[in-house]
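A quick write-up on the structure given underneath.
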Amino acid sequence: MANIKDLKKRIKSTKGTFKITKAMKLVSAAKLNKAQIRILGMRPYATELESTVRTVSALNKDYTSIYFNENKANRQSVVLVVSSDKGLCGGYNSSVTKAVRRFVKEKASEENPEKLKFYYVGKKARDLVQKELNSAKTFTFAKQDPTFEEVRKIADELGSLFTSGEVGKVYVIYNSFISAIAFETKARQLLPLSVSEEEKEELRAKYPYDYQYEPSPGSILDTLVPEVFVTSVYAAILDAIASEHGARMSAMENATKNCKEMIRKLSLKMNKLRQAKITTELAEVVSGAESLNG
Amino acid sequence: MSFKLHLYTPKGTIIKGLEASEITVPTVRGEIGILPDHTHILTELGTGVMTAKTSSGLRHFSVTAGLCRVMKDVVTVLSFTSEKAEEIDLERAKAAKAKAASRLSGESSLSDVELIKFRRKLERAEIRLRLANLK
């Protein structure tokens, strides 16, 4: 039987954990707020830019660019895996890891499978999968929140692998932010920007008129297309950061709740034990007095 | 007659659905004016000041490289960075300009990267000053 002293110790340590998880929750909530503003501010820009590029490329049939052409002979691909540097964020990193494994399996089951090479942002998922995969490099940032310029460097590095013909495809796997308590793990192809024929037809039907271009559709696309790629990488990283804080916040909230419940149960047990002890003592005293009086 | 103006940047939405009756936008080939019922146009943005005429007066914004799209009665401007004239800190812009100019005029020890960096800084500061004066 547990004694009162042990229970007291456990309650004290649980209270300590409770304080920590509560503080972490509050910190994550504040960080989530900031991250949420960033990703939600970024999204309209990213979607508008991408949809414009898709539309223009569909409307201009004769435009070709290295960014649009799929090089079927090139079977080398790179994958950027975005996870977090810190743990204690629930299923956040394990769902990225799971998605990576699923992705690898899917690709391996295809005919003439692509050779995959992995780049990482955040070390948690890397630590889990790097032994089983062909891993290249981990990108790190000076601060926790990367700047656009830092992300541009990453994107330029991956983009140059693609434009030089070293790799045929660029993918990204990350957690996309939905709300403070939900995220969705996505695996997306970033390069080449493939617009399927059906999609092209659809876009052409939607825009029966063409734009007037200044200076020319080719030169506009030439400047915009690399921008779309950088923006997508940046959006993926911002998405991942916002989901990380969201995941950590809800994980810590659960932990706090569990701590509270634990403290309640332990206190109850301790009080019961204490009462039982007092009752026994009383009975002893009373019976002792009785025997003396007798 | 009016149309709607959206201005998006990677750092956030600057304006959304602003009712404007006329705007001027700097493009790579010089400024263009856009009135209601303009033809569909897609153009590359230059660096400079964008002005929108609204029912409550003129509003000014800085824009840098990006894209301007006119479609039906919606004008969408995607700019790499953008600021509202109201938000410019005049003193800071002046100081930044002086600093960039002194670095550019002074020593020849600047590397190519630095040269480009300070030229851009100077350009940005000048746009900010122009914006601040338009306020």
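Labels for the structure tokens follow display order: chains A, B, ..., residues from 1 in each chain, ligands from 1.
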Output as JSON lines one row per residue of chain B within 6 Å of chain A: the closest atom pair and its distance in Å to one decimal place, counting only C-alpha atoms, sorted by chain and residue number ascending.
```
{"residue": "B:Tyr8", "atom": "CA", "partner": "A:Tyr45", "partner_atom": "CA", "distance": 5.3}
{"residue": "B:Thr9", "atom": "CA", "partner": "A:Tyr45", "partner_atom": "CA", "distance": 5.7}
{"residue": "B:Pro10", "atom": "CA", "partner": "A:Met42", "partner_atom": "CA", "distance": 4.7}
{"residue": "B:Lys11", "atom": "CA", "partner": "A:Met42", "partner_atom": "CA", "distance": 5.8}
{"residue": "B:Gly12", "atom": "CA", "partner": "A:Gly41", "partner_atom": "CA", "distance": 3.6}
{"residue": "B:Thr13", "atom": "CA", "partner": "A:Gly41", "partner_atom": "CA", "distance": 5.6}
{"residue": "B:His40", "atom": "CA", "partner": "A:Tyr211", "partner_atom": "CA", "distance": 4.9}
{"residue": "B:Ile41", "atom": "CA", "partner": "A:Gln212", "partner_atom": "CA", "distance": 4.5}
{"residue": "B:Leu42", "atom": "CA", "partner": "A:Tyr213", "partner_atom": "CA", "distance": 5.1}
{"residue": "B:Thr43", "atom": "CA", "partner": "A:Glu214", "partner_atom": "CA", "distance": 4.6}
```
Please identify all polymer residues within 8 Å of Ala100 of chain B, counting only C-alpha atoms, omitting same-chain residues fewer than 6 positions from it, and present them as a PyMOL selection string.
chain B and resi 118-119+121-122
Run DSSP on the backbone and grab whatever in segment 11-119 of chain A lands in strand (DSSP E or B); send it over as an NGL selection string.
:A and (76-82 or 115-119)
I need the chosen residues saved as an mmCIF file, in the first residue's frame, with N, CA and C atoms.
```cif
data_model
loop_
_atom_site.group_PDB
_atom_site.id
_atom_site.type_symbol
_atom_site.label_atom_id
_atom_site.label_comp_id
_atom_site.auth_asym_id
_atom_site.auth_seq_id
_atom_site.Cartn_x
_atom_site.Cartn_y
_atom_site.Cartn_z
ATOM 1 N N GLN A 76 15.968 10.873 -61.318
ATOM 2 C CA GLN A 76 16.455 11.311 -60.017
ATOM 3 C C GLN A 76 15.517 12.405 -59.474
ATOM 4 N N SER A 77 15.089 12.275 -58.234
ATOM 5 C CA SER A 77 14.205 13.282 -57.659
ATOM 6 C C SER A 77 14.705 13.702 -56.289
ATOM 7 N N VAL A 78 14.349 14.903 -55.892
ATOM 8 C CA VAL A 78 14.654 15.308 -54.522
ATOM 9 C C VAL A 78 13.366 15.589 -53.772
ATOM 10 N N VAL A 79 13.406 15.314 -52.485
ATOM 11 C CA VAL A 79 12.242 15.546 -51.647
ATOM 12 C C VAL A 79 12.688 16.410 -50.473
ATOM 13 N N LEU A 80 11.944 17.471 -50.225
ATOM 14 C CA LEU A 80 12.226 18.318 -49.063
ATOM 15 C C LEU A 80 11.238 17.932 -47.973
ATOM 16 N N VAL A 81 11.767 17.497 -46.834
ATOM 17 C CA VAL A 81 10.894 17.080 -45.735
ATOM 18 C C VAL A 81 10.937 18.145 -44.646
ATOM 19 N N VAL A 82 9.782 18.715 -44.347
ATOM 20 C CA VAL A 82 9.731 19.786 -43.354
ATOM 21 C C VAL A 82 9.147 19.252 -42.059
ATOM 22 N N LYS A 115 14.651 7.596 -58.389
ATOM 23 C CA LYS A 115 15.619 7.561 -57.279
ATOM 24 C C LYS A 115 15.355 8.788 -56.435
ATOM 25 N N LEU A 116 15.175 8.557 -55.138
ATOM 26 C CA LEU A 116 14.817 9.685 -54.283
ATOM 27 C C LEU A 116 15.996 10.104 -53.414
ATOM 28 N N LYS A 117 16.121 11.393 -53.269
ATOM 29 C CA LYS A 117 17.149 11.931 -52.387
ATOM 30 C C LYS A 117 16.436 12.918 -51.470
ATOM 31 N N PHE A 118 16.795 12.878 -50.182
ATOM 32 C CA PHE A 118 16.011 13.657 -49.230
ATOM 33 C C PHE A 118 16.776 14.825 -48.647
ATOM 34 N N TYR A 119 16.114 15.969 -48.612
ATOM 35 C CA TYR A 119 16.638 17.156 -47.931
ATOM 36 C C TYR A 119 15.697 17.431 -46.765
#
```
Counting only C-alpha atoms, which residue out of A:Lys9, A:Ile241, A:Ser57, A:Gly218 sits closest to Lys86 of chain A?
A:Ile241
Using only C-alpha atoms, determine which residues lie at most 12 Å from Ser160 of chain A, disregarding the query and same-chain residues fewer than 6 positions distant; provide the list as number ranges by chain.
A: 66-67, 78, 152-154, 166-170, 191, 226, 229-230
DSSP alpha helix (DSSP H) residues within chain B, as a ChimeraX atom specification:
/B:90-105,112-134
With distances taken over only C-alpha atoms, which residue among B:Leu90, B:Ile15, B:Met1, B:Val63 lies nearest Leu35 of chain B?
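Among the listed residues, B:Met1 lies closest to Leu35 of chain B.
Residue nearest Phe3 of chain B within the list B:His60, B:Arg128, B:Arg29, B:Lys53: B:Lys53 [criterion: smallest interatomic distance, only C-alpha atoms].
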From the list B:Phe80, B:Glu126, B:Thr24, B:Gly17, the nearest residue to Glu149 of chain A using only C-alpha atoms is B:Phe80
Skipping near chain neighbours, those fewer than 2 positions away, what residues fall within 9 Å of Lys97 of chain B using only C-alpha atoms, listed as an MDAnalysis selection string?
chainID B and resid 92:95 99:102 121:126 129
